[in-house]
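Trainee: Following this line is target.cif, made up of mmCIF, C-alpha atoms and all ligand atoms:
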```
data_data
loop_
_atom_site.label_atom_id
_atom_site.label_comp_id
_atom_site.auth_asym_id
_atom_site.auth_seq_id
_atom_site.Cartn_x
_atom_site.Cartn_y
_atom_site.Cartn_z
CA MET A 1 6.77 75.54 -0.50
CA ASP A 2 3.90 77.90 0.28
CA GLU A 3 5.12 80.43 -2.27
CA LEU A 4 5.71 77.95 -5.08
CA TYR A 5 3.31 77.31 -7.94
CA ILE A 6 3.53 75.62 -11.32
CA THR A 7 4.21 77.98 -14.19
CA LYS A 8 4.87 75.70 -17.15
CA VAL A 9 5.12 72.06 -18.20
CA ASN A 10 7.51 71.18 -20.98
CA VAL A 11 7.10 67.86 -22.82
CA LYS A 12 9.62 66.18 -25.11
CA ASP A 13 9.46 63.13 -27.39
CA VAL A 14 12.73 61.24 -26.72
CA ARG A 15 13.60 58.09 -28.66
CA PHE A 16 16.57 55.73 -28.78
CA PRO A 17 17.26 53.62 -31.89
CA THR A 18 17.24 50.23 -30.10
CA SER A 19 15.58 48.49 -33.05
CA LEU A 20 18.95 48.59 -34.84
CA ASN A 21 20.30 45.84 -32.54
CA LEU A 22 16.92 44.32 -31.59
CA ASP A 23 17.55 45.24 -27.95
CA GLY A 24 14.25 44.82 -26.15
CA SER A 25 12.74 42.53 -28.80
CA ASP A 26 10.06 40.08 -27.71
CA ALA A 27 7.26 38.02 -29.23
CA MET A 28 5.00 41.06 -29.66
CA HIS A 29 7.37 44.01 -29.78
CA THR A 30 9.70 42.66 -32.42
CA SER A 31 11.63 45.86 -33.14
CA PRO A 32 11.03 48.52 -30.49
CA ASP A 33 12.78 51.88 -30.34
CA TYR A 34 12.85 52.40 -26.57
CA SER A 35 11.45 55.88 -25.98
CA CYS A 36 9.69 58.11 -23.52
CA ALA A 37 7.47 61.12 -23.19
CA TYR A 38 9.60 63.32 -20.94
CA VAL A 39 8.00 65.99 -18.78
CA THR A 40 9.68 68.95 -17.07
CA ILE A 41 7.52 70.75 -14.51
CA ARG A 42 8.63 74.34 -13.94
CA THR A 43 7.76 76.60 -11.02
CA ASN A 44 8.03 80.31 -10.26
CA ASP A 45 11.45 79.54 -8.73
CA GLU A 46 13.73 78.69 -11.65
CA ASN A 47 15.84 76.45 -9.41
CA VAL A 48 12.88 74.23 -8.54
CA GLU A 49 11.87 71.78 -11.26
CA GLY A 50 10.51 68.24 -11.40
CA TYR A 51 11.10 65.58 -14.05
CA GLY A 52 8.79 62.74 -14.98
CA LEU A 53 8.37 60.30 -17.82
CA THR A 54 6.43 57.42 -19.22
CA PHE A 55 7.96 54.68 -21.32
CA THR A 56 6.95 54.06 -24.95
CA CYS A 57 8.22 51.90 -27.82
CA GLY A 58 8.83 54.45 -30.60
CA ARG A 59 6.00 55.34 -32.96
CA GLY A 60 3.08 56.88 -31.11
CA THR A 61 5.20 58.70 -28.55
CA GLU A 62 4.01 61.91 -30.22
CA ILE A 63 0.43 61.01 -29.18
CA VAL A 64 1.44 60.54 -25.54
CA VAL A 65 3.36 63.83 -25.68
CA GLN A 66 0.22 65.61 -26.89
CA ALA A 67 -1.83 63.98 -24.10
CA CYS A 68 0.77 65.16 -21.54
CA ARG A 69 0.40 68.72 -22.85
CA VAL A 70 -3.38 68.60 -22.59
CA ILE A 71 -3.40 67.13 -19.07
CA SER A 72 -0.70 69.44 -17.79
CA LYS A 73 -3.00 72.43 -18.36
CA LEU A 74 -5.01 71.12 -15.39
CA ILE A 75 -2.20 71.90 -12.95
CA ILE A 76 -0.62 75.06 -14.34
CA GLY A 77 -1.03 77.91 -11.86
CA THR A 78 -1.64 75.51 -8.95
CA LYS A 79 0.22 76.07 -5.69
CA LEU A 80 2.46 73.13 -4.79
CA SER A 81 1.25 73.19 -1.19
CA ASP A 82 -2.31 72.66 -2.45
CA ILE A 83 -1.22 69.65 -4.51
CA TYR A 84 0.80 67.88 -1.82
CA HIS A 85 -1.55 68.74 1.02
CA ASP A 86 -4.25 66.59 -0.57
CA PHE A 87 -2.49 64.67 -3.32
CA ALA A 88 -5.36 62.18 -3.72
CA ALA A 89 -7.71 65.05 -4.58
CA CYS A 90 -5.24 66.41 -7.14
CA TRP A 91 -4.85 62.92 -8.65
CA ARG A 92 -8.61 62.56 -8.92
CA MET A 93 -8.88 66.00 -10.51
CA ILE A 94 -6.31 64.99 -13.16
CA THR A 95 -7.87 61.58 -13.90
CA SER A 96 -11.52 62.62 -13.64
CA ASP A 97 -11.66 65.79 -15.71
CA PRO A 98 -15.28 65.82 -16.87
CA GLN A 99 -14.35 66.08 -20.55
CA LEU A 100 -10.97 64.33 -20.78
CA ARG A 101 -12.07 61.23 -18.88
CA TRP A 102 -14.10 60.13 -21.90
CA LEU A 103 -10.77 59.28 -23.58
CA GLY A 104 -9.99 56.69 -20.88
CA PRO A 105 -11.05 56.58 -18.21
CA GLU A 106 -7.86 55.66 -16.38
CA LYS A 107 -6.39 53.62 -19.20
CA GLY A 108 -4.45 53.88 -22.45
CA VAL A 109 -2.70 57.01 -23.71
CA MET A 110 -4.37 59.31 -21.17
CA HIS A 111 -3.21 57.20 -18.25
CA LEU A 112 0.34 56.94 -19.64
CA ALA A 113 0.37 60.72 -19.82
CA THR A 114 -1.02 60.91 -16.28
CA ALA A 115 1.84 58.69 -15.12
CA ALA A 116 4.45 60.96 -16.75
CA LEU A 117 3.00 64.08 -15.16
CA VAL A 118 2.36 62.52 -11.74
CA ASN A 119 5.86 61.02 -11.66
CA GLY A 120 7.17 64.54 -12.33
CA LEU A 121 5.14 65.91 -9.42
CA TRP A 122 6.62 63.31 -7.06
CA ASP A 123 10.14 64.01 -8.30
CA LEU A 124 9.51 67.70 -7.66
CA TRP A 125 8.24 67.01 -4.14
CA ALA A 126 11.23 64.84 -3.23
CA ARG A 127 13.62 67.49 -4.59
CA ILE A 128 11.94 70.19 -2.52
CA GLU A 129 12.22 67.98 0.58
CA SER A 130 15.88 67.21 -0.30
CA LYS A 131 15.32 63.45 -0.20
CA PRO A 132 15.47 60.56 -2.60
CA LEU A 133 11.90 59.57 -3.41
CA TRP A 134 12.06 56.29 -1.49
CA LYS A 135 13.07 58.18 1.64
CA LEU A 136 10.30 60.74 1.18
CA LEU A 137 7.81 57.85 1.16
CA VAL A 138 9.47 56.04 4.06
CA ASP A 139 9.39 59.15 6.27
CA MET A 140 5.66 59.72 5.79
CA SER A 141 3.28 58.71 8.55
CA PRO A 142 0.81 55.98 7.53
CA GLU A 143 -1.96 58.61 7.49
CA GLN A 144 0.02 60.97 5.27
CA LEU A 145 0.89 58.20 2.83
CA ILE A 146 -2.72 57.06 2.63
CA SER A 147 -3.80 60.64 1.96
CA CYS A 148 -2.06 60.41 -1.44
CA ILE A 149 -4.22 57.50 -2.63
CA ASP A 150 -7.61 57.66 -4.33
CA PHE A 151 -9.50 54.66 -2.89
CA ARG A 152 -12.44 55.00 -5.29
CA TYR A 153 -13.31 51.59 -6.81
CA ILE A 154 -11.11 49.54 -4.45
CA THR A 155 -12.79 49.82 -1.04
CA ASP A 156 -14.37 46.39 -1.53
CA ALA A 157 -10.81 45.01 -1.53
CA ILE A 158 -9.07 47.33 0.93
CA THR A 159 -10.19 50.22 3.15
CA LYS A 160 -8.17 53.19 4.34
CA ASP A 161 -8.27 51.85 7.89
CA GLU A 162 -6.89 48.47 6.80
CA ALA A 163 -4.14 50.21 4.85
CA VAL A 164 -3.14 52.36 7.82
CA ALA A 165 -3.12 49.27 10.07
CA MET A 166 -0.85 47.36 7.65
CA LEU A 167 1.59 50.28 7.53
CA ARG A 168 1.56 50.66 11.32
CA ALA A 169 2.24 46.96 11.85
CA ASN A 170 5.72 47.33 10.42
CA SER A 171 6.68 50.67 11.92
CA SER A 172 8.83 49.31 14.75
CA ARG A 173 11.10 47.54 12.21
CA ARG A 174 11.62 50.54 9.91
CA ALA A 175 15.02 51.60 11.21
CA GLU A 176 16.40 48.07 11.10
CA LEU A 177 15.07 47.48 7.56
CA GLU A 178 16.41 50.83 6.34
CA SER A 179 19.90 50.04 7.53
CA SER A 180 19.80 46.59 5.92
CA LEU A 181 18.65 48.25 2.68
CA ARG A 182 21.54 50.72 2.82
CA ALA A 183 23.99 47.86 3.43
CA THR A 184 22.92 45.32 0.81
CA GLY A 185 20.21 46.78 -1.42
CA LEU A 186 17.44 44.70 -2.97
CA PRO A 187 17.87 41.70 -5.29
CA ALA A 188 17.69 42.19 -9.06
CA TYR A 189 17.16 39.71 -11.88
CA THR A 190 18.31 40.17 -15.44
CA THR A 191 16.29 40.08 -18.66
CA GLN A 192 19.30 41.09 -20.71
CA ILE A 193 20.22 37.53 -21.68
CA GLY A 194 17.24 36.58 -23.77
CA TRP A 195 15.78 39.20 -26.08
CA LEU A 196 14.08 37.25 -28.83
CA GLY A 197 16.14 38.83 -31.58
CA TYR A 198 19.45 37.67 -30.07
CA GLY A 199 21.28 34.63 -31.51
CA ASP A 200 22.31 31.49 -29.56
CA GLU A 201 25.95 32.53 -29.22
CA GLN A 202 24.94 35.90 -27.84
CA LEU A 203 22.61 34.09 -25.41
CA ARG A 204 25.46 31.91 -24.13
CA SER A 205 27.89 34.76 -23.69
CA LEU A 206 25.30 36.96 -21.94
CA CYS A 207 24.46 34.12 -19.50
CA ALA A 208 28.17 33.84 -18.65
CA LYS A 209 28.49 37.61 -18.31
CA TYR A 210 25.58 38.01 -15.86
CA LEU A 211 26.46 34.85 -13.90
CA ALA A 212 29.88 36.36 -13.33
CA GLN A 213 28.21 39.55 -12.07
CA GLY A 214 26.44 37.55 -9.35
CA TYR A 215 22.91 37.26 -10.77
CA LYS A 216 20.86 34.42 -9.33
CA ALA A 217 17.76 34.89 -11.49
CA PHE A 218 17.34 35.20 -15.24
CA LYS A 219 14.48 35.81 -17.63
CA ALA A 220 14.10 34.96 -21.30
CA LYS A 221 11.55 35.91 -23.92
CA VAL A 222 9.48 33.10 -25.44
CA GLY A 223 6.40 32.59 -27.56
CA GLN A 224 7.33 32.98 -31.21
CA ASP A 225 8.38 29.43 -32.02
CA LEU A 226 8.24 26.40 -29.70
CA ASP A 227 11.30 24.61 -31.11
CA SER A 228 13.34 27.75 -30.71
CA ASP A 229 12.07 28.22 -27.13
CA LEU A 230 13.05 24.64 -26.26
CA ARG A 231 16.51 25.18 -27.71
CA ARG A 232 17.00 28.54 -26.00
CA CYS A 233 15.83 27.31 -22.59
CA GLU A 234 18.20 24.34 -22.95
CA ILE A 235 21.10 26.70 -23.70
CA ILE A 236 20.25 28.90 -20.71
CA ARG A 237 19.84 26.02 -18.26
CA LYS A 238 23.16 24.54 -19.45
CA ALA A 239 24.81 27.87 -18.82
CA ILE A 240 23.24 28.78 -15.46
CA GLY A 241 22.43 25.33 -14.03
CA TYR A 242 19.21 24.33 -12.27
CA GLU A 243 19.86 26.05 -8.93
CA LYS A 244 19.29 29.54 -10.30
CA ASP A 245 15.82 30.93 -11.00
CA LEU A 246 14.66 31.04 -14.60
CA MET A 247 11.54 32.89 -15.70
CA VAL A 248 10.01 33.27 -19.16
CA ASP A 249 7.95 36.05 -20.70
CA ALA A 250 5.51 35.71 -23.63
CA ASN A 251 4.44 39.38 -23.78
CA GLN A 252 0.74 38.51 -24.34
CA VAL A 253 1.22 36.46 -27.50
CA TRP A 254 -0.96 33.41 -26.65
CA ASP A 255 -4.60 32.47 -26.30
CA VAL A 256 -5.44 31.02 -22.89
CA ASP A 257 -5.38 27.31 -23.75
CA GLN A 258 -2.42 27.78 -26.06
CA ALA A 259 -0.49 29.32 -23.16
CA VAL A 260 -1.13 26.26 -21.00
CA ASP A 261 -0.12 23.80 -23.75
CA TRP A 262 3.00 25.75 -24.70
CA MET A 263 4.16 26.05 -21.10
CA LYS A 264 3.65 22.33 -20.44
CA ASN A 265 6.25 21.78 -23.16
CA LEU A 266 8.69 24.08 -21.35
CA ALA A 267 7.96 22.79 -17.83
CA LYS A 268 11.02 20.53 -17.76
CA PHE A 269 13.20 23.63 -17.53
CA LYS A 270 11.92 24.33 -14.01
CA LEU A 271 10.45 27.76 -14.67
CA LYS A 272 9.57 30.05 -11.78
CA TRP A 273 6.94 32.01 -13.70
CA ILE A 274 5.37 32.64 -17.05
CA GLU A 275 4.94 36.37 -17.54
CA GLU A 276 2.12 37.92 -19.57
CA PRO A 277 0.93 34.64 -21.07
CA THR A 278 -2.14 36.30 -22.64
CA SER A 279 -4.08 39.57 -22.94
CA PRO A 280 -3.37 41.86 -19.98
CA ASP A 281 -7.13 42.46 -19.64
CA ASP A 282 -8.08 38.78 -19.33
CA VAL A 283 -8.41 38.28 -15.58
CA ALA A 284 -10.34 35.01 -15.86
CA GLY A 285 -7.86 33.75 -18.46
CA HIS A 286 -4.92 34.37 -16.14
CA ALA A 287 -6.78 32.57 -13.34
CA LYS A 288 -7.33 29.55 -15.60
CA ILE A 289 -3.71 29.47 -16.75
CA ARG A 290 -2.53 29.71 -13.15
CA GLU A 291 -4.78 26.88 -12.06
CA GLN A 292 -3.66 24.60 -14.88
CA LEU A 293 0.06 25.33 -14.54
CA ARG A 294 0.16 24.92 -10.76
CA PRO A 295 0.84 21.13 -10.96
CA PHE A 296 3.92 21.97 -13.04
CA GLY A 297 5.27 24.39 -10.45
CA ILE A 298 5.00 27.35 -12.83
CA GLY A 299 3.63 30.61 -11.40
CA VAL A 300 1.82 33.33 -13.35
CA ALA A 301 3.07 36.91 -13.37
CA THR A 302 1.63 40.01 -14.97
CA GLY A 303 1.12 43.74 -14.49
CA GLU A 304 3.43 45.73 -16.77
CA MET A 305 0.49 46.59 -19.04
CA CYS A 306 -2.24 46.35 -16.44
CA ALA A 307 -4.48 49.36 -17.07
CA ASN A 308 -5.21 50.56 -13.54
CA ARG A 309 -5.78 49.64 -9.87
CA VAL A 310 -9.18 48.14 -10.69
CA MET A 311 -7.64 45.54 -13.00
CA PHE A 312 -5.00 44.77 -10.39
CA LYS A 313 -7.76 44.41 -7.81
CA GLN A 314 -9.51 41.80 -9.95
CA LEU A 315 -6.29 39.88 -10.68
CA LEU A 316 -5.73 39.67 -6.92
CA GLN A 317 -9.34 38.95 -5.93
CA MET A 318 -9.66 36.17 -8.52
CA LYS A 319 -6.33 34.61 -7.48
CA ALA A 320 -5.11 34.99 -11.05
CA ILE A 321 -1.45 35.81 -10.32
CA ASP A 322 1.44 34.54 -8.20
CA TYR A 323 3.59 37.64 -8.78
CA CYS A 324 2.38 41.22 -9.13
CA GLN A 325 4.42 43.25 -11.60
CA ILE A 326 3.78 46.93 -11.06
CA ASP A 327 5.32 49.30 -13.61
CA SER A 328 6.50 52.76 -12.57
CA ALA A 329 5.48 54.46 -15.82
CA ARG A 330 2.00 52.97 -16.09
CA ILE A 331 -1.25 53.30 -14.25
CA GLY A 332 -1.53 56.78 -12.82
CA GLY A 333 1.95 57.11 -11.34
CA ILE A 334 3.02 56.61 -7.74
CA ASN A 335 -0.33 57.46 -6.10
CA GLU A 336 -2.08 54.57 -7.84
CA ILE A 337 0.90 52.19 -7.58
CA LEU A 338 0.87 52.61 -3.79
CA ALA A 339 -2.73 51.36 -3.83
CA VAL A 340 -1.63 48.27 -5.76
CA TYR A 341 1.20 47.55 -3.29
CA LEU A 342 -1.31 47.75 -0.42
CA MET A 343 -3.75 45.39 -2.15
CA ALA A 344 -0.95 42.95 -3.04
CA LYS A 345 0.11 42.89 0.61
CA LYS A 346 -3.44 42.20 1.73
CA PHE A 347 -3.84 39.35 -0.79
CA GLN A 348 -0.35 38.06 0.08
CA VAL A 349 1.02 38.27 -3.45
CA PRO A 350 4.67 39.37 -3.69
CA VAL A 351 5.44 42.39 -5.88
CA CYS A 352 8.26 41.84 -8.39
CA PRO A 353 8.32 45.09 -10.35
CA HIS A 354 8.62 45.31 -14.10
CA ALA A 355 11.51 47.45 -15.34
CA GLY A 356 13.93 47.72 -18.22
CA GLY A 357 12.37 50.36 -20.46
CA VAL A 358 13.74 53.91 -20.47
CA GLY A 359 13.90 55.13 -16.85
CA LEU A 360 11.88 52.24 -15.44
CA CYS A 361 14.73 50.75 -13.38
CA GLU A 362 15.61 54.23 -12.13
CA MET A 363 12.07 54.85 -10.88
CA VAL A 364 10.74 51.53 -9.68
CA GLN A 365 13.61 50.79 -7.32
CA HIS A 366 12.36 53.65 -5.10
CA LEU A 367 8.92 52.07 -4.78
CA GLN A 368 10.21 48.59 -3.98
CA MET A 369 12.51 50.09 -1.34
CA TRP A 370 9.57 51.82 0.31
CA ASP A 371 7.65 48.52 0.19
CA TYR A 372 10.57 46.68 1.78
CA ILE A 373 10.85 49.11 4.69
CA CYS A 374 7.21 50.05 5.28
CA LEU A 375 4.99 47.26 4.02
CA SER A 376 6.36 43.83 3.10
CA GLY A 377 9.35 43.97 5.46
CA THR A 378 11.12 41.28 3.46
CA SER A 379 12.92 40.67 0.17
CA ARG A 380 11.97 36.99 0.22
CA ASN A 381 10.47 35.83 -3.08
CA ARG A 382 10.78 39.40 -4.39
CA MET A 383 13.13 40.87 -6.96
CA ILE A 384 13.29 43.80 -9.33
CA GLU A 385 13.81 43.34 -13.06
CA TYR A 386 17.04 44.82 -14.38
CA VAL A 387 18.02 45.57 -17.95
CA ASP A 388 21.32 47.21 -18.76
CA GLN A 389 20.09 49.78 -21.29
CA GLN A 390 19.77 53.57 -21.52
CA HIS A 391 21.02 54.22 -17.97
CA GLU A 392 23.76 56.47 -19.36
CA HIS A 393 21.16 59.08 -20.30
CA PHE A 394 20.15 59.75 -16.69
CA GLU A 395 21.90 62.10 -14.28
CA ASN A 396 21.46 59.61 -11.42
CA PRO A 397 21.44 56.14 -12.95
CA THR A 398 20.77 52.96 -10.97
CA VAL A 399 23.63 51.56 -8.95
CA ILE A 400 23.79 47.75 -9.04
CA LYS A 401 26.20 45.95 -6.71
CA ASN A 402 26.48 42.18 -6.65
CA ALA A 403 23.16 41.91 -8.54
CA HIS A 404 21.38 44.16 -6.02
CA TYR A 405 19.80 47.58 -6.52
CA MET A 406 21.47 49.99 -4.08
CA PRO A 407 19.33 52.78 -2.62
CA PRO A 408 19.61 56.08 -4.52
CA THR A 409 21.15 58.93 -2.54
CA SER A 410 20.44 61.88 -4.84
CA TYR A 411 17.25 63.90 -4.38
CA GLY A 412 14.15 63.11 -6.41
CA TYR A 413 12.85 60.11 -8.35
CA SER A 414 16.05 59.56 -10.43
CA THR A 415 14.10 60.78 -13.48
CA LYS A 416 16.23 63.68 -14.71
CA MET A 417 17.79 63.04 -18.10
CA LYS A 418 21.09 64.55 -19.19
CA GLU A 419 20.84 67.70 -21.32
CA GLU A 420 23.23 66.17 -23.84
CA SER A 421 21.02 63.08 -24.27
CA LEU A 422 17.98 65.29 -24.86
CA ARG A 423 19.90 67.32 -27.45
CA LYS A 424 20.87 64.14 -29.30
CA TYR A 425 17.74 62.00 -29.00
CA GLU A 426 14.75 64.33 -28.97
CA TYR A 427 12.69 63.11 -31.90
CA PRO A 428 12.94 64.07 -34.72
CA HIS A 429 15.10 67.19 -34.32
CA GLY A 430 17.83 65.83 -32.05
CA THR A 431 21.28 65.71 -33.62
CA GLU A 432 21.46 61.88 -33.64
CA TRP A 433 18.03 61.53 -35.25
CA GLN A 434 18.91 64.15 -37.85
CA ARG A 435 22.09 62.20 -38.65
CA MET A 436 20.28 58.84 -38.87
CA ILE A 437 17.51 60.28 -41.03
CA HIS A 438 20.09 61.98 -43.27
CA GLU A 439 21.99 58.68 -43.64
CA ASN A 440 18.75 56.82 -44.46
CA ILE A 441 19.11 54.60 -41.39
CA PHE A 442 15.58 55.72 -40.46
CA PRO A 443 12.94 57.31 -42.70
CA ALA A 444 12.05 60.96 -42.20
CA PRO A 445 8.89 61.42 -40.10
CA GLU A 446 5.68 61.98 -42.07
MG MG A 501 7.64 41.51 -19.46
#
```
Show me, as structure tokens, the structure contained in the file I just sent.
Mentor:
Amino acid sequence: MDELYITKVNVKDVRFPTSLNLDGSDAMHTSPDYSCAYVTIRTNDENVEGYGLTFTCGRGTEIVVQACRVISKLIIGTKLSDIYHDFAACWRMITSDPQLRWLGPEKGVMHLATAALVNGLWDLWARIESKPLWKLLVDMSPEQLISCIDFRYITDAITKDEAVAMLRANSSRRAELESSLRATGLPAYTTQIGWLGYGDEQLRSLCAKYLAQGYKAFKAKVGQDLDSDLRRCEIIRKAIGYEKDLMVDANQVWDVDQAVDWMKNLAKFKLKWIEEPTSPDDVAGHAKIREQLRPFGIGVATGEMCANRVMFKQLLQMKAIDYCQIDSARIGGINEILAVYLMAKKFQVPVCPHAGGVGLCEMVQHLQMWDYICLSGTSRNRMIEYVDQQHEHFENPTVIKNAHYMPPTSYGYSTKMKEESLRKYEYPHGTEWQRMIHENIFPAPE
């Protein structure tokens, strides 16, 4: 690795026309085209490359792509050994550039771009070490793992020494937990049944389909219309029974009091959690909703649009959430997500990662597997979201067996997309986009 340095970073705008079937539709994102800003990090050895991405919903991906290009200039020419020897320092350099940080800091487009680039750096590292990413993390000593994390702004919640102690506490069980992971994987739940744009018949048949595949937990979108939510929850409970877990997700559509009132109406369906009931920035609002829904047995979950580790810290400190939903393509990539896992462990909140968007299932499984072996030591009350979309575009797609994520065996972070998919779906010049624009299925870009 000593001889390797970064020569070039290539960024592509890749979009899939999911709005045509309303796949992924929810109360706020009514017609998303699931997309990503896709980063390829090249080195002076043409056989050594890393791939990273951040998820987007269509329009605006070009802005994230531009941000990726600007940020990537910060690492071009850097030796890989310098990056990985003190990864926290590199992460801080990327997120604290004295001019660029004005555009964030550590939030919004710039932080999405940071995630894409940082995810690519981790993929590159795991490929060089010839390990799947989860195994790279698992094989690190507590001190080495901690050296990747920037603790600025969170030391009032967790110190480096506490983090090392938590990681050490589990070390004697690592081998046993790794072999149980390899044997059975980690539990998944499905969100595929209940996109808001799907009709009742489709809802019924998807419930039957995923029940037959062994799923024990299901999630549906809510929040556009109460009567329709009541009807849809009724249909789902009829199909899956009351023994299985059912969660609902409002994707930030409500005010705080409205969220409480709406959920009281749905409480009879025995819901495990309400996800994103209100603005992702409203820590006090989440705390209030949690407090008021506790008598109804409904937990509060959020995190997929949480801006950074500081927001997560506040959600945990203020006891605002029952489930912490990290997202692999948000906040500043793996380095910052590790900090959130450590804080969640300290505050005893289980992490149930968000996934489903392009590449999110592929990436986040690695992190939850590391957590299982090195930190939480259990899969109790924890599961990873699963959505059966866009996996075919990845060289090493997720492997689900009996509704469990099985540990990836190929090297890297499972982020490499197929060349053919890039040729077809790069926006707007990919062959599929050219066809759809030509056939007036989509307008030509401005
Ligand atoms: Mg969600």
Trainee: Please identify all protein, DNA and RNA residues within 8 Å of ligand MG 501 (chain A), counting all atoms listed in the file, and report them as number ranges by chain.
Mentor: A: 249-251, 275-276, 302, 304, 354
Trainee: Can those selected residues be exported to a file as a short mmCIF file (atom, residue, chain, number, x, y, z; two decimals), in the coordinates of the input so that it contains C-alpha atoms?
Mentor:
```cif
data_model
loop_
_atom_site.label_atom_id
_atom_site.label_comp_id
_atom_site.auth_asym_id
_atom_site.auth_seq_id
_atom_site.Cartn_x
_atom_site.Cartn_y
_atom_site.Cartn_z
CA ASP A 249 7.95 36.05 -20.70
CA ALA A 250 5.51 35.71 -23.63
CA ASN A 251 4.44 39.38 -23.78
CA GLU A 275 4.94 36.37 -17.54
CA GLU A 276 2.12 37.92 -19.57
CA THR A 302 1.63 40.01 -14.97
CA GLU A 304 3.43 45.73 -16.77
CA HIS A 354 8.62 45.31 -14.10
#
```
Trainee: Env of region 393-401 of chain A: 7 Å cut, atoms = only C-alpha atoms, seq-sep filter 6 positions within chain, self excluded. Answer as JSON, numbers by chain.
Mentor: {"A": [361, 362, 414, 415, 416, 417, 418, 421]}
Trainee: Considering all atoms listed in the file, can you say which of A:Leu136, A:Val310, A:Ile289, A:Met93 comes closest to Met369 (chain A)?
Mentor: A:Leu136
Trainee: Would you write out, as a Markdown table, a table of all residues in region 342-400 of chain A that have an atom no more than 8 Å from an atom of region 148-159 of chain A, listing for each the closest atom pair and the distance in Å to one decimal, considering only C-alpha atoms and ordering rows by chain and rising residue number?
Mentor:
```
| residue | atom | partner | partner_atom | distance |
| --- | --- | --- | --- | --- |
| A:Leu342 | CA | A:Ile158 | CA | 7.9 |
| A:Met343 | CA | A:Ile158 | CA | 6.4 |
| A:Lys346 | CA | A:Ile158 | CA | 7.7 |
```
Trainee: Just how far from CA of Gly332 (chain A) is CA of Leu103 (chain A), in Å to one decimal?
Mentor: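 That distance, rounded to one decimal, is 14.4 Å.
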Trainee: Please provide as a CSV table (one decimal) with C-alpha atoms, in the coordinates of the input all residues within 9 Å of region 424-426 of chain A, with the sequence filter that same-chain residues fewer than 5 positions apart are discarded (counting only C-alpha atoms).
Mentor:
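Result went into part_6.csv, see below:
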```
chain,number,residue,atom,x,y,z
A,12,LYS,CA,9.6,66.2,-25.1
A,13,ASP,CA,9.5,63.1,-27.4
A,14,VAL,CA,12.7,61.2,-26.7
A,15,ARG,CA,13.6,58.1,-28.7
A,16,PHE,CA,16.6,55.7,-28.8
A,17,PRO,CA,17.3,53.6,-31.9
A,419,GLU,CA,20.8,67.7,-21.3
A,431,THR,CA,21.3,65.7,-33.6
A,432,GLU,CA,21.5,61.9,-33.6
A,433,TRP,CA,18.0,61.5,-35.2
A,434,GLN,CA,18.9,64.2,-37.8
```
Trainee: Pick out the closest residue to Val70 (chain A) from this set: A:Ser279, A:Gln317, A:Gln99, A:Thr184. Count all atoms listed in the file.
Mentor: A:Gln99
Trainee: For Arg101 (chain A), which residue among A:Asp139, A:Ile71, A:Thr409, A:Glu420 is the nearest when counting only C-alpha atoms?
Mentor: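 Between A:Asp139, A:Ile71, A:Thr409, A:Glu420, the residue approaching Arg101 (chain A) most closely is A:Ile71.
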Trainee: Counting all atoms listed in the file, figure out which residue out of A:Gly241, A:Pro187, A:Gly303, A:Gly77 gets nearest to Leu211 (chain A).
Mentor: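 Under the stated criterion, the closest residue is A:Gly241.
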Trainee: Would you mind listing what lies within 7 Å of Ser19 (chain A) as a list in words, with all atoms listed in the file counted and same-chain residues fewer than 3 positions away left out?
Mentor: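 My list of contacting residues is Leu22, Asp23, Ser31, Pro32 and Asp33 of chain A.
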Trainee: Using only C-alpha atoms, can you tell me which of A:Ala239, A:Met28, A:Val248, A:Ala165 comes closest to Glu201 (chain A)?
Mentor: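 Checking each of A:Ala239, A:Met28, A:Val248, A:Ala165 against Glu201 (chain A), counting only C-alpha atoms, the winner is A:Ala239.
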Trainee: Would you list the residues near (-5.2, 36.9, -8.1) (no more than 10 Å away, in the coordinates of the file, using all atoms listed in the file) as a PDB file with C-alpha atoms, in the coordinates of the input?
Mentor:
```pdb
ATOM      1  CA  VAL A 283      -8.410  38.280 -15.580  1.00  0.00           C
ATOM      2  CA  ALA A 284     -10.340  35.010 -15.860  1.00  0.00           C
ATOM      3  CA  HIS A 286      -4.920  34.370 -16.140  1.00  0.00           C
ATOM      4  CA  ALA A 287      -6.780  32.570 -13.340  1.00  0.00           C
ATOM      5  CA  ARG A 290      -2.530  29.710 -13.150  1.00  0.00           C
ATOM      6  CA  VAL A 300       1.820  33.330 -13.350  1.00  0.00           C
ATOM      7  CA  ALA A 301       3.070  36.910 -13.370  1.00  0.00           C
ATOM      8  CA  PHE A 312      -5.000  44.770 -10.390  1.00  0.00           C
ATOM      9  CA  LYS A 313      -7.760  44.410  -7.810  1.00  0.00           C
ATOM     10  CA  GLN A 314      -9.510  41.800  -9.950  1.00  0.00           C
ATOM     11  CA  LEU A 315      -6.290  39.880 -10.680  1.00  0.00           C
ATOM     12  CA  LEU A 316      -5.730  39.670  -6.920  1.00  0.00           C
ATOM     13  CA  GLN A 317      -9.340  38.950  -5.930  1.00  0.00           C
ATOM     14  CA  MET A 318      -9.660  36.170  -8.520  1.00  0.00           C
ATOM     15  CA  LYS A 319      -6.330  34.610  -7.480  1.00  0.00           C
ATOM     16  CA  ALA A 320      -5.110  34.990 -11.050  1.00  0.00           C
ATOM     17  CA  ILE A 321      -1.450  35.810 -10.320  1.00  0.00           C
ATOM     18  CA  ASP A 322       1.440  34.540  -8.200  1.00  0.00           C
ATOM     19  CA  TYR A 323       3.590  37.640  -8.780  1.00  0.00           C
ATOM     20  CA  CYS A 324       2.380  41.220  -9.130  1.00  0.00           C
ATOM     21  CA  ALA A 344      -0.950  42.950  -3.040  1.00  0.00           C
ATOM     22  CA  PHE A 347      -3.840  39.350  -0.790  1.00  0.00           C
ATOM     23  CA  GLN A 348      -0.350  38.060   0.080  1.00  0.00           C
ATOM     24  CA  VAL A 349       1.020  38.270  -3.450  1.00  0.00           C
TER      25      VAL A 349
END
```
